[in-house]
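For reference, the structure is listed below as structure tokens.
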Amino acid sequence: MMLRDHAIRYGFIVLLFGLIACFAIAADGFVSPQSAVFIFQSVAITGVLALGVTATLVVGGFDLSIGSVATSAMMAASYVMVVLEQNAVVAVIACLLIGVLVGLINGWLIVYMRVPDLLATLGMMFLLVGLQRIPTEGRSIATGMTMPDGSVANGKFGDAFLALGRHRFDFFIPNLIPVSVVVLLVLAVLIWFFLEHTRFGRMMYAVGSNERAAELAGAPVKAYKIWAYVISGVFASIGGILLAARLGRGDIASGNNLLLDAVAAALIGYAVLGAAKPNAFGTAVGAVFVGVLLQGLTMMNAPYYTQDFVKGVVLVVALVFTFALSGRGKR
Amino acid sequence: MGADAVFRVDGLRKSFGQNEVLGGISVELHAGEVTVLMGANGAGKSTLVRIISGVYERGAGMMSLAGEDFAPKTPAEAIRAGVVTVHQNINDGVVADLDVATNLTLDRLSGSGVPTLFNPARVRREAKAVADRMGLAIDLKARVSDLSLADRQMVAIARAMAHRPKVLILDEPTSSLSSAEADRLFALIDRLREQSVAILYISHRMSDIRRLADRIISMRDGVVSGVFDRKPLDYEGAVNAMLGRKIHLDRVVARNSAHAVLTVEGLRLAPGARPISLTLGAGEVVAVTGLVGVGKTALAETLFGVRRPLSGTMALNGKPYAPGSTGQAIAAGVFLVAKDRGENGIVGGFNIERNISLPFHKRMSRFGVLKRRIERATARRQIQDLGIVCRSEKDEMASLSGGNQQKVMVARWMAQDAKLFILDEPFQGVDISARRDIAAKLRASADGRATLLFVTELDEALETADRILVMSEQTIVGEHRNADIDLERLLAEVAGGPLHSAA
């Protein structure tokens with residue numbers, strides 16, 4: 001019994017360190033600051049999205065639109081700067097507004113129109129995938145592109161905006177930590193604190209566990225649910241900003257894997273420390289876990305096309321940890 | 001009477017683990033008669049029905065149908081043998097997305113000897129035969145999801161009758177019907193009675209029972225506590241047998257109150273119901289009693305801001321009180337321990353400490369950040385106060401007994417001072433010692449607030465309250481000070497007897 005408890009609680013963390021140890025032995029140069037930073041950088045954007053979707057999982061919902069919110073934000077940022085020739089601040093504000101708006105619409109659909117969460121956000125996903133292509137008639141956005149009316153867009157990405165994707169802070173070693181990693185860490189701490197230590201976060205967990213009981217304890221359940229989708233939308237749009245800053249253009253074809261990777265990270269998070277529930281710390285660990293695994297396999301020359309398979313295996317194992325072993329998924 | 005019973009249950013027993021739910025039940029059903037089964041929550045009615053309909057296996061005892069041994073292992077077997085049950089949840093008996101004709105013939109769609117291809121014309125022909133036999137006037141092409149609840153109920157019963165059963169069990173069939181809709185159901189039941197079907201009718205509604213019953217069987221605590229088959233039927237006796245009266249060791253000393261906390265004027269809960277007016281005083285414990293479905297929970301939820309009254313006003317300490325949400329009610333000092341804690345109270349993902357702090361996060365936090373130390377101290381104090389048996393405040397709710405879970409629910413709301421403290425069925429699924437503890441705690445802490453209890457069991461009201469109000473048909477029909485109570489009159493009011501129309 002005790003052993004089982006410990007296996008559930010620390011199993012996944014042990015697995016993570018075991019994995020790091022294996023790669024350290026098998027792959028040269030795996031244990032180095034640069035490698036660590038690279039792992040974090042590779043999971044920064046999906047990590048941010050995963051933290052957002054965690055908020056909706058906490059209230060017992062789900063958000064499938066995060067990937068398309070991120071790509072829409074990326075396209076919007078590009079459009080604002082390249083076509084409308086505005087500065088970085090305007091671009092960032094536009095992106096965040098998109099996140100808030102989509103979150104509100106998702107919440108409204110789910111709470112007031114009673115559309116099941118998966119379907120509402122699936123619909124929103126399709127809507128956004130289409131919407132982001134309309135202004136440029138399906139073209140990617142880059143400086144010097146030809147607009148549908150024949151004119152040439154002469155705006156360009158501001159340096160301040162590009163710095164979000166390219167600047168690196170000094171940390172013992174010069175030019176080590178990229179901005180995106182800092183953003184990930186800050187947001188992770190913020191959402192963790194919000195969910196674990198504020199009364200709002202606590203009530204969100206109550207809503208997710210027993211909505212009726214939360215309502216009878218005086219909580220405005222509908223508002224909490226809508227807020228969860230707004231948080232998810234905003235986080236996804238921040239992910240989109242980072243994506244645009246990294247690419248330096250509005251690439252219509254990028255960001256395809258964001259949704260699945262982010263959801264996988266959040267679900268893997270259920271298994272961390274035997275939480276058996278969505279939690280910010282677990283989500284962050286889940287994202288890093290996937291990053292470590294992929295980085296290690298890449299350094300051991302595993303072909304790129306095995307990546308999705310490996311991610312799927314990890315997710316399934318994590319879900320078995322959560323639901324079968326701990327036996328708390330039955331609720 | 002005197003005819004041989006079509007269906008006979010003899011000495012039926014059933015236990016779940018340590019808990020004996022049926023302690024030797026014997027019931028007889030006669031052809032062409034409606035036998036009403038009455039019993040409070042937890043009396044074992046549902047268990048009995050589930051055994052008869054083949055959902056549960058019996059523990060001990062015999063059942064026989066038309067003189068032959070009857071021991072169904074599955075619901076399908078029971079139906080084939082001629083015992084058909086229409087369950088309380090109407091939608092369990094029909095498939096909402098199919099049309100009426102298909103629903104009526106659904107049971108002929110599977111099994112051996114059924115053609116593989118679905119033949120709409122044949123289905124409609126067979127459905128029409130079933131509908132005609134039952135006098136069912138519903139468009140056979142209509143989708144069930146478009147029908148009213150009453151029509152769905154009719155379809156469910158007609159579908160059950162397509163098997164030509166000898167015994168039909170109806171489990172609270174009118175619980176979600178209006179009275180006009182119920183009349184149609186009664187006409188259908190009369191028709192079945194003429195066709196010599198033996199009917200077991202489970203209900204709490206006295207008006208149904210008066211209309212239909214040929215015999216009444218009362219159940220209490222897993223045994224038959226009374227059989228009434230002499231006309232005119234003794235309805236009050238049946239209610240009395242169902243609610244029962246044990247010897248109470250600790251009689252309450254009724255208190256009076258001078259200072260009014262809550263006044264309610266002309267509150268109407270349902271269309272057509274008579275308005276409610278009442279006053280609750282400080283320091284007084286008032287129990288509202290009445291059968292299931294008479295509007296007790298509706299009144300509790302109205303006072304707590306879950307639902308709005310159709311008309312009427314409320315005042316709390318002299319100030320107008322019209323809560324628009326549970327949050328507003330709590331802010332005004334009105335707390336509710338809701339009934340059915342699993343559904344409405346316990347947050348399964350939270351431990352004891354977090355379940356207790358749930359409604360009062362705001363008062364336990366600064367700038368939105370919860371103060372864990374205050375939360376823990378509150379939980380420990382409440383655990384001590386109510387004598388909750390647990391290892392620590394970090395225990396999971398699922399590890400507690402029913403009585404202790406209920407104590408946590410009460411402790412949650414006693415952590416702060418209430419002006420009006422409402423408890424809806426606080427003794428449901430609670431063992432006797434926990435029940436005593438909770439009642440004693442309520443009485444001991446009653447000073448300074450008004451306490452309002454909603455209980456179905458009369459005993460519970462007699463044990464805890466200073467004053468007892470009786471509800472029937474969405475309104476209050478009687479009031480008694482809990483000292484030399486006229487139990488005859490109280491029971492008559494519960495049963496909705498003639499005294500009620502004179503009141």
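Following the order of the structure tokens, first chain is A, next is B, and so on, with residues numbered from 1 inside each chain and ligands from 1 in the order they appear.
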Wanna dump the chain A-chain B contacts at 6 Å for me, each residue with its shortest atom pair and the distance in Å to one decimal, counting only C-alpha atoms, ordered by chain and number, as a tab-separated table?
residue	atom	partner	partner_atom	distance
A:His197	CA	B:Val369	CA	5.7
A:Thr198	CA	B:Val369	CA	4.1
A:Arg199	CA	B:Gly368	CA	5.6
A:Ser209	CA	B:Gly349	CA	5.7
A:Asn210	CA	B:Val347	CA	5.3
A:Arg212	CA	B:Asn344	CA	5.5
A:Ala213	CA	B:Asn344	CA	4.6
A:Ala217	CA	B:Pro359	CA	4.6
A:Gly218	CA	B:Gly327	CA	3.9
Item checked: Selection: 10 Å around A:Leu243, only C-alpha atoms, excl. self and same-chain fewer than 6 positions, as a VMD selection string -> chain A and resid 44 to 46 70 to 71 73 to 75 164 to 165 180 237 249 to 251 254 to 255
Next item on the list: Excluding stretch 80-84 of chain A and residues on its chain fewer than 5 positions from it, collect all residues at most 8 Å away from it, counting only C-alpha atoms, and give them as a list in words.
Entry: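 Counting only C-alpha atoms, the residues come to Val90, Ala91, Ala94, Ile141, Ala142, Thr143, Ala153, Asn154, Gly155, Lys156, Phe157 and Gly158 of chain A.
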Checklist line | Within 9 Å of stretch 264-280 of chain A using only C-alpha atoms, minus same-chain residues under 6 positions, as a ChimeraX atom specification | finding: /A:5-13,46-47,50-51,53-55,57-58,188-189,191-193,195-196,286-290,311-312,314-323,326-329 /B:349
Take the residues just selected and output them with C-alpha atoms as an mmCIF file, in the first residue's frame.
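And here's selection05.cif as it stands now:
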data_model
loop_
_atom_site.group_PDB
_atom_site.id
_atom_site.type_symbol
_atom_site.label_atom_id
_atom_site.label_comp_id
_atom_site.auth_asym_id
_atom_site.auth_seq_id
_atom_site.Cartn_x
_atom_site.Cartn_y
_atom_site.Cartn_z
ATOM 1 C CA ASP A 5 1.207 5.356 -2.806
ATOM 2 C CA HIS A 6 4.803 6.338 -3.370
ATOM 3 C CA ALA A 7 4.773 4.918 -6.877
ATOM 4 C CA ILE A 8 1.751 7.034 -7.713
ATOM 5 C CA ARG A 9 3.144 10.123 -6.064
ATOM 6 C CA TYR A 10 6.711 10.138 -7.293
ATOM 7 C CA GLY A 11 6.567 7.714 -10.205
ATOM 8 C CA PHE A 12 6.527 10.343 -12.873
ATOM 9 C CA ILE A 13 9.218 12.546 -11.334
ATOM 10 C CA THR A 46 3.339 24.789 -26.002
ATOM 11 C CA GLY A 47 3.993 25.206 -22.279
ATOM 12 C CA ALA A 50 -0.803 24.153 -21.767
ATOM 13 C CA LEU A 51 -0.906 26.388 -18.681
ATOM 14 C CA VAL A 53 -5.789 25.001 -21.001
ATOM 15 C CA THR A 54 -5.088 23.834 -17.445
ATOM 16 C CA ALA A 55 -7.369 26.629 -16.214
ATOM 17 C CA LEU A 57 -9.537 21.716 -17.160
ATOM 18 C CA VAL A 58 -9.712 22.911 -13.553
ATOM 19 C CA ALA A 188 3.821 29.186 -14.751
ATOM 20 C CA VAL A 189 4.492 30.745 -11.354
ATOM 21 C CA ILE A 191 -1.001 30.549 -12.719
ATOM 22 C CA TRP A 192 0.329 28.189 -10.072
ATOM 23 C CA PHE A 193 -0.052 30.867 -7.412
ATOM 24 C CA LEU A 195 -4.806 28.237 -8.691
ATOM 25 C CA GLU A 196 -3.228 27.076 -5.447
ATOM 26 C CA GLY A 286 4.605 17.557 -18.295
ATOM 27 C CA ALA A 287 5.782 20.069 -20.882
ATOM 28 C CA VAL A 288 9.411 19.699 -19.784
ATOM 29 C CA PHE A 289 9.074 15.921 -19.804
ATOM 30 C CA VAL A 290 8.012 15.924 -23.424
ATOM 31 C CA LYS A 311 4.542 11.734 -27.324
ATOM 32 C CA GLY A 312 1.481 9.547 -27.664
ATOM 33 C CA VAL A 314 4.036 9.103 -22.879
ATOM 34 C CA LEU A 315 0.513 10.509 -22.748
ATOM 35 C CA VAL A 316 -1.117 7.101 -22.594
ATOM 36 C CA VAL A 317 1.250 5.934 -19.844
ATOM 37 C CA ALA A 318 0.572 9.119 -17.865
ATOM 38 C CA LEU A 319 -3.173 8.683 -18.172
ATOM 39 C CA VAL A 320 -2.892 5.091 -16.942
ATOM 40 C CA PHE A 321 -0.911 6.407 -13.963
ATOM 41 C CA THR A 322 -3.669 8.889 -13.194
ATOM 42 C CA PHE A 323 -6.820 6.938 -13.728
ATOM 43 C CA SER A 326 -4.562 6.116 -8.223
ATOM 44 C CA GLY A 327 -8.189 5.061 -8.570
ATOM 45 C CA ARG A 328 -9.310 8.648 -8.024
ATOM 46 C CA GLY A 329 -10.387 9.200 -11.577
ATOM 47 C CA GLY B 349 -11.846 16.645 -4.868
#
Who sits within 9 Å of B:Pro75, only C-alpha atoms, same chain under 6 positions skipped, as a PDB file with N, CA and C atoms, in the first residue's frame:
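The resulting file, part-v4.pdb, is reproduced below:
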ATOM      1  N   ARG B  50     -36.351  -3.110  -7.228  1.00  0.00           N
ATOM      2  CA  ARG B  50     -35.236  -3.603  -8.037  1.00  0.00           C
ATOM      3  C   ARG B  50     -35.098  -5.116  -7.943  1.00  0.00           C
ATOM      4  N   ILE B  52     -37.674  -7.197  -7.430  1.00  0.00           N
ATOM      5  CA  ILE B  52     -38.796  -7.761  -8.192  1.00  0.00           C
ATOM      6  C   ILE B  52     -38.530  -7.652  -9.694  1.00  0.00           C
ATOM      7  N   SER B  53     -37.915  -6.540 -10.111  1.00  0.00           N
ATOM      8  CA  SER B  53     -37.719  -6.353 -11.551  1.00  0.00           C
ATOM      9  C   SER B  53     -36.412  -6.968 -12.055  1.00  0.00           C
ATOM     10  N   GLY B  54     -35.719  -7.694 -11.188  1.00  0.00           N
ATOM     11  CA  GLY B  54     -34.568  -8.459 -11.650  1.00  0.00           C
ATOM     12  C   GLY B  54     -33.261  -7.698 -11.730  1.00  0.00           C
ATOM     13  N   VAL B  55     -33.211  -6.493 -11.129  1.00  0.00           N
ATOM     14  CA  VAL B  55     -31.968  -5.726 -11.152  1.00  0.00           C
ATOM     15  C   VAL B  55     -31.029  -6.221 -10.062  1.00  0.00           C
ATOM     16  N   VAL B  84     -43.512  -6.262 -15.218  1.00  0.00           N
ATOM     17  CA  VAL B  84     -42.929  -5.126 -15.923  1.00  0.00           C
ATOM     18  C   VAL B  84     -42.880  -3.917 -15.007  1.00  0.00           C
ATOM     19  N   THR B  85     -41.760  -3.202 -15.042  1.00  0.00           N
ATOM     20  CA  THR B  85     -41.577  -2.045 -14.173  1.00  0.00           C
ATOM     21  C   THR B  85     -41.386  -0.779 -15.002  1.00  0.00           C
TER      22      THR B  85
END
Checklist line | For A:Phe171, the nearest of the candidates A:Val37, A:Val152, A:Leu97, A:Leu16, counting only C-alpha atoms | finding: A:Val37
Residues within 12 Å of A:Gly103, please, as a compact mmCIF listing (two decimals) with N, CA and C atoms, in the first residue's frame. Count only C-alpha atoms; anything in the same chain fewer than 2 positions from it doesn't count.
# COMPACT_ATOMS: atom_id res chain seq x y z
N GLY A 52 -2.56 27.57 -19.97
CA GLY A 52 -3.89 28.17 -20.18
C GLY A 52 -4.98 27.12 -20.19
N VAL A 53 -4.74 26.03 -20.91
CA VAL A 53 -5.79 25.00 -21.00
C VAL A 53 -5.99 24.34 -19.64
N ALA A 55 -6.31 25.87 -16.90
CA ALA A 55 -7.37 26.63 -16.21
C ALA A 55 -8.75 26.11 -16.60
N THR A 56 -8.94 25.78 -17.88
CA THR A 56 -10.26 25.28 -18.28
C THR A 56 -10.47 23.86 -17.77
N PHE A 62 -12.84 22.17 -21.20
CA PHE A 62 -11.76 21.83 -22.11
C PHE A 62 -11.71 22.92 -23.18
N ASP A 63 -10.54 23.19 -23.71
CA ASP A 63 -10.45 24.23 -24.74
C ASP A 63 -9.64 23.70 -25.91
N LEU A 64 -10.34 23.38 -26.99
CA LEU A 64 -9.65 22.88 -28.19
C LEU A 64 -9.22 24.02 -29.10
N SER A 65 -9.61 25.25 -28.79
CA SER A 65 -9.34 26.35 -29.71
C SER A 65 -7.98 27.00 -29.47
N ILE A 66 -7.24 26.54 -28.44
CA ILE A 66 -6.01 27.25 -28.09
C ILE A 66 -5.01 27.32 -29.24
N VAL A 69 -6.17 29.88 -31.64
CA VAL A 69 -6.04 31.23 -31.05
C VAL A 69 -4.60 31.70 -31.20
N LEU A 96 -3.60 40.25 -27.50
CA LEU A 96 -4.23 39.96 -26.20
C LEU A 96 -5.74 40.14 -26.29
N LEU A 97 -6.16 41.20 -27.04
CA LEU A 97 -7.60 41.42 -27.20
C LEU A 97 -8.28 40.24 -27.89
N ILE A 98 -7.59 39.70 -28.89
CA ILE A 98 -8.14 38.51 -29.57
C ILE A 98 -8.32 37.37 -28.58
N GLY A 99 -7.30 37.18 -27.74
CA GLY A 99 -7.39 36.12 -26.73
C GLY A 99 -8.57 36.31 -25.80
N VAL A 100 -8.75 37.55 -25.29
CA VAL A 100 -9.85 37.85 -24.38
C VAL A 100 -11.19 37.60 -25.08
N LEU A 101 -11.28 38.12 -26.30
CA LEU A 101 -12.55 38.03 -27.04
C LEU A 101 -12.93 36.57 -27.30
N ILE A 105 -16.20 34.54 -25.93
CA ILE A 105 -17.17 33.88 -26.81
C ILE A 105 -17.28 32.39 -26.46
N ASN A 106 -16.12 31.75 -26.24
CA ASN A 106 -16.14 30.34 -25.83
C ASN A 106 -16.97 30.17 -24.57
N GLY A 107 -16.68 31.02 -23.57
CA GLY A 107 -17.39 30.92 -22.29
C GLY A 107 -18.89 31.14 -22.49
N TRP A 108 -19.23 32.11 -23.30
CA TRP A 108 -20.64 32.42 -23.55
C TRP A 108 -21.34 31.23 -24.21
N LEU A 109 -20.68 30.65 -25.21
CA LEU A 109 -21.25 29.49 -25.90
C LEU A 109 -21.51 28.34 -24.93
N ILE A 110 -20.53 28.13 -24.04
CA ILE A 110 -20.60 26.97 -23.17
C ILE A 110 -21.57 27.21 -22.01
N VAL A 111 -21.51 28.41 -21.41
CA VAL A 111 -22.31 28.67 -20.22
C VAL A 111 -23.75 29.04 -20.57
N ASP A 117 -18.53 21.77 -24.03
CA ASP A 117 -17.25 22.48 -24.16
C ASP A 117 -16.41 22.01 -25.35
N ALA A 120 -18.07 23.33 -28.59
CA ALA A 120 -18.00 24.78 -28.73
C ALA A 120 -16.60 25.21 -29.15
N THR A 121 -15.58 24.66 -28.47
CA THR A 121 -14.23 25.09 -28.78
C THR A 121 -13.72 24.47 -30.07
N MET A 124 -15.06 26.82 -32.57
CA MET A 124 -14.26 28.03 -32.55
C MET A 124 -12.92 27.80 -33.25
N MET A 125 -12.36 26.60 -33.08
CA MET A 125 -11.09 26.28 -33.74
C MET A 125 -11.22 26.39 -35.26
N LYS A 225 -16.58 29.96 -14.81
CA LYS A 225 -16.34 29.17 -16.02
C LYS A 225 -15.89 30.08 -17.15
N ILE A 226 -16.57 31.21 -17.32
CA ILE A 226 -16.21 32.12 -18.41
C ILE A 226 -14.78 32.63 -18.20
N TRP A 227 -14.44 32.98 -16.96
CA TRP A 227 -13.09 33.45 -16.69
C TRP A 227 -12.04 32.41 -17.07
N ALA A 228 -12.35 31.16 -16.82
CA ALA A 228 -11.39 30.11 -17.15
C ALA A 228 -11.08 30.13 -18.65
N TYR A 229 -12.11 30.33 -19.47
CA TYR A 229 -11.87 30.36 -20.92
C TYR A 229 -11.15 31.63 -21.34
N VAL A 230 -11.39 32.73 -20.61
CA VAL A 230 -10.65 33.95 -20.92
C VAL A 230 -9.17 33.76 -20.61
N ILE A 231 -8.87 33.14 -19.46
CA ILE A 231 -7.48 32.86 -19.12
C ILE A 231 -6.84 32.01 -20.22
N SER A 232 -7.54 30.98 -20.61
CA SER A 232 -7.03 30.09 -21.65
C SER A 232 -6.78 30.85 -22.95
N GLY A 233 -7.73 31.71 -23.34
CA GLY A 233 -7.58 32.49 -24.57
C GLY A 233 -6.39 33.44 -24.50
N VAL A 234 -6.24 34.11 -23.36
CA VAL A 234 -5.13 35.07 -23.23
C VAL A 234 -3.79 34.35 -23.28
N PHE A 235 -3.69 33.23 -22.55
CA PHE A 235 -2.43 32.48 -22.57
C PHE A 235 -2.11 32.02 -23.99
N ALA A 236 -3.13 31.55 -24.69
CA ALA A 236 -2.90 31.09 -26.06
C ALA A 236 -2.43 32.24 -26.94
N SER A 237 -2.99 33.43 -26.74
CA SER A 237 -2.57 34.56 -27.57
C SER A 237 -1.15 34.99 -27.23
Next item on the list: Once DSSP has gone over the backbone, tell me which residues of stretch 263-444 of chain B are in helix (DSSP H, G or I), as a PyMOL selection string.
Entry: chain B and resi 296-303+326-331+341-344+352-360+362-364+372-386+397-399+402-414+432-444
Next, dump the selected residues to file, keeping only C-alpha atoms, as an mmCIF file, in the first residue's frame.
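Final output, saved to result-v5.cif:
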data_model
loop_
_atom_site.group_PDB
_atom_site.id
_atom_site.type_symbol
_atom_site.label_atom_id
_atom_site.label_comp_id
_atom_site.auth_asym_id
_atom_site.auth_seq_id
_atom_site.Cartn_x
_atom_site.Cartn_y
_atom_site.Cartn_z
ATOM 1 C CA LYS B 296 -40.143 21.669 1.293
ATOM 2 C CA THR B 297 -37.015 21.933 -0.812
ATOM 3 C CA ALA B 298 -38.646 24.604 -2.961
ATOM 4 C CA LEU B 299 -39.247 26.717 0.139
ATOM 5 C CA ALA B 300 -35.684 26.154 1.386
ATOM 6 C CA GLU B 301 -34.250 27.125 -1.986
ATOM 7 C CA THR B 302 -36.453 30.201 -2.192
ATOM 8 C CA LEU B 303 -35.221 31.420 1.185
ATOM 9 C CA THR B 326 -26.855 32.152 -3.210
ATOM 10 C CA GLY B 327 -23.972 34.603 -2.808
ATOM 11 C CA GLN B 328 -26.361 37.374 -1.780
ATOM 12 C CA ALA B 329 -28.173 35.086 0.646
ATOM 13 C CA ILE B 330 -24.897 34.147 2.322
ATOM 14 C CA ALA B 331 -23.834 37.788 2.515
ATOM 15 C CA ARG B 341 -24.930 15.967 0.471
ATOM 16 C CA GLY B 342 -23.303 13.839 -2.241
ATOM 17 C CA GLU B 343 -25.086 15.786 -4.926
ATOM 18 C CA ASN B 344 -25.312 19.274 -3.438
ATOM 19 C CA ILE B 352 -12.307 17.993 5.064
ATOM 20 C CA GLU B 353 -10.528 21.302 5.641
ATOM 21 C CA ARG B 354 -11.284 22.614 2.181
ATOM 22 C CA ASN B 355 -14.865 21.402 2.293
ATOM 23 C CA ILE B 356 -15.411 23.319 5.510
ATOM 24 C CA SER B 357 -13.886 26.577 4.273
ATOM 25 C CA LEU B 358 -15.736 26.545 0.933
ATOM 26 C CA PRO B 359 -18.403 29.253 1.468
ATOM 27 C CA PHE B 360 -16.251 31.643 3.476
ATOM 28 C CA LYS B 362 -13.597 35.775 1.233
ATOM 29 C CA ARG B 363 -13.510 36.108 4.991
ATOM 30 C CA MET B 364 -10.394 33.903 5.129
ATOM 31 C CA ARG B 372 -3.980 28.766 5.051
ATOM 32 C CA ARG B 373 -3.407 29.119 8.780
ATOM 33 C CA ILE B 374 -6.880 30.538 9.420
ATOM 34 C CA GLU B 375 -8.387 27.898 7.158
ATOM 35 C CA ARG B 376 -6.729 25.102 9.096
ATOM 36 C CA ALA B 377 -7.582 26.588 12.489
ATOM 37 C CA THR B 378 -11.231 26.933 11.472
ATOM 38 C CA ALA B 379 -11.361 23.341 10.250
ATOM 39 C CA ARG B 380 -9.783 22.028 13.453
ATOM 40 C CA ARG B 381 -12.151 24.038 15.615
ATOM 41 C CA GLN B 382 -15.192 22.791 13.707
ATOM 42 C CA ILE B 383 -14.007 19.168 13.774
ATOM 43 C CA GLN B 384 -13.640 19.437 17.540
ATOM 44 C CA ASP B 385 -16.933 21.285 17.936
ATOM 45 C CA LEU B 386 -19.081 18.765 16.120
ATOM 46 C CA MET B 397 -14.286 13.055 2.407
ATOM 47 C CA ALA B 398 -14.706 9.575 0.936
ATOM 48 C CA SER B 399 -12.945 8.059 3.963
ATOM 49 C CA GLY B 402 -22.174 9.064 6.231
ATOM 50 C CA GLY B 403 -22.806 10.599 9.615
ATOM 51 C CA ASN B 404 -19.416 12.247 9.721
ATOM 52 C CA GLN B 405 -19.762 13.533 6.165
ATOM 53 C CA GLN B 406 -23.017 15.161 7.198
ATOM 54 C CA LYS B 407 -21.317 16.653 10.246
ATOM 55 C CA VAL B 408 -18.750 18.222 7.915
ATOM 56 C CA MET B 409 -21.579 19.748 5.885
ATOM 57 C CA VAL B 410 -23.141 21.213 9.035
ATOM 58 C CA ALA B 411 -19.725 22.281 10.343
ATOM 59 C CA ARG B 412 -19.088 24.122 7.078
ATOM 60 C CA TRP B 413 -21.999 26.456 7.711
ATOM 61 C CA MET B 414 -21.563 26.749 11.461
ATOM 62 C CA ILE B 432 -28.621 7.575 15.023
ATOM 63 C CA SER B 433 -25.688 8.807 17.103
ATOM 64 C CA ALA B 434 -24.578 11.377 14.535
ATOM 65 C CA ARG B 435 -28.191 12.465 14.264
ATOM 66 C CA ARG B 436 -28.359 13.038 18.026
ATOM 67 C CA ASP B 437 -25.060 14.941 17.953
ATOM 68 C CA ILE B 438 -26.187 17.228 15.155
ATOM 69 C CA ALA B 439 -29.590 17.870 16.730
ATOM 70 C CA ALA B 440 -28.043 18.615 20.110
ATOM 71 C CA LYS B 441 -25.514 20.958 18.513
ATOM 72 C CA LEU B 442 -28.261 22.786 16.635
ATOM 73 C CA ARG B 443 -30.284 23.318 19.780
ATOM 74 C CA ALA B 444 -27.298 24.300 21.885
#
Check: Between atom CA of B:Gly93 and atom CA of B:Met242, what is the spacing in Å?
Finding: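 Taking atom CA of B:Met242 as the start and atom CA of B:Gly93 as the end point, the length is 28.4 Å.
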Notebook entry, point to check: Out of A:Leu128, A:Val285, A:Ala160, A:Gln295, which residue has the shortest atom-to-atom distance to A:Leu15 when counting only C-alpha atoms?
Noted result: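 Result for the nearest residue to A:Leu15: A:Val285.
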Note to self: So that I can check the surroundings of stretch 470-479 of chain B, please list as a ChimeraX atom specification every protein, DNA and RNA residue that reaches within 8 Å of it, counting only C-alpha atoms and ignoring chain neighbours fewer than 4 positions away.
What the structure shows: /B:268-270,273-276,288-291,294-296,490,493-496,500,503
Let's have the selection written as a short mmCIF file (atom, residue, chain, number, x, y, z; two decimals), in the first residue's frame, with N, CA and C atoms.
data_model
loop_
_atom_site.label_atom_id
_atom_site.label_comp_id
_atom_site.auth_asym_id
_atom_site.auth_seq_id
_atom_site.Cartn_x
_atom_site.Cartn_y
_atom_site.Cartn_z
N ARG B 268 -45.65 32.63 -2.68
CA ARG B 268 -46.22 31.53 -3.47
C ARG B 268 -45.12 30.79 -4.19
N LEU B 269 -45.07 29.47 -4.04
CA LEU B 269 -43.97 28.67 -4.59
C LEU B 269 -44.31 28.09 -5.95
N ALA B 270 -45.59 27.82 -6.20
CA ALA B 270 -45.98 27.17 -7.45
C ALA B 270 -47.30 27.75 -7.91
N ALA B 273 -50.71 27.32 -5.97
CA ALA B 273 -50.50 26.99 -4.56
C ALA B 273 -50.95 28.17 -3.70
N ARG B 274 -51.44 27.85 -2.50
CA ARG B 274 -51.83 28.95 -1.62
C ARG B 274 -50.59 29.61 -1.03
N PRO B 275 -50.64 30.93 -0.80
CA PRO B 275 -49.46 31.64 -0.32
C PRO B 275 -49.07 31.22 1.09
N ILE B 276 -47.77 31.38 1.38
CA ILE B 276 -47.22 31.01 2.68
C ILE B 276 -46.89 32.28 3.45
N VAL B 288 -40.04 22.07 9.53
CA VAL B 288 -41.13 21.96 8.57
C VAL B 288 -41.18 20.51 8.13
N THR B 289 -42.34 19.89 8.30
CA THR B 289 -42.45 18.50 7.91
C THR B 289 -43.52 18.33 6.85
N GLY B 290 -43.54 17.20 6.22
CA GLY B 290 -44.48 16.96 5.13
C GLY B 290 -43.90 15.86 4.26
N LEU B 291 -44.74 15.29 3.41
CA LEU B 291 -44.27 14.18 2.57
C LEU B 291 -43.30 14.69 1.51
N VAL B 294 -43.81 17.90 -1.48
CA VAL B 294 -44.84 18.89 -1.16
C VAL B 294 -44.29 20.31 -1.21
N GLY B 295 -43.01 20.47 -1.55
CA GLY B 295 -42.46 21.81 -1.71
C GLY B 295 -41.52 22.24 -0.60
N LYS B 296 -41.05 21.29 0.21
CA LYS B 296 -40.14 21.67 1.29
C LYS B 296 -38.84 22.22 0.73
N LEU B 490 -51.93 16.50 13.45
CA LEU B 490 -50.71 16.70 12.67
C LEU B 490 -50.63 15.68 11.53
N GLU B 493 -52.96 16.46 8.80
CA GLU B 493 -52.46 17.54 7.95
C GLU B 493 -51.39 17.02 6.98
N VAL B 494 -50.51 16.15 7.49
CA VAL B 494 -49.49 15.57 6.61
C VAL B 494 -50.16 14.80 5.48
N ALA B 495 -51.21 14.04 5.84
CA ALA B 495 -51.90 13.23 4.84
C ALA B 495 -52.82 14.08 3.97
N GLY B 496 -52.91 15.36 4.24
CA GLY B 496 -53.76 16.24 3.44
C GLY B 496 -55.22 15.92 3.61
N HIS B 500 -57.49 19.81 6.65
CA HIS B 500 -56.68 20.78 5.91
C HIS B 500 -57.57 21.76 5.15
N ALA B 503 -58.88 24.34 7.47
CA ALA B 503 -57.90 25.23 8.09
C ALA B 503 -57.84 26.58 7.39
#
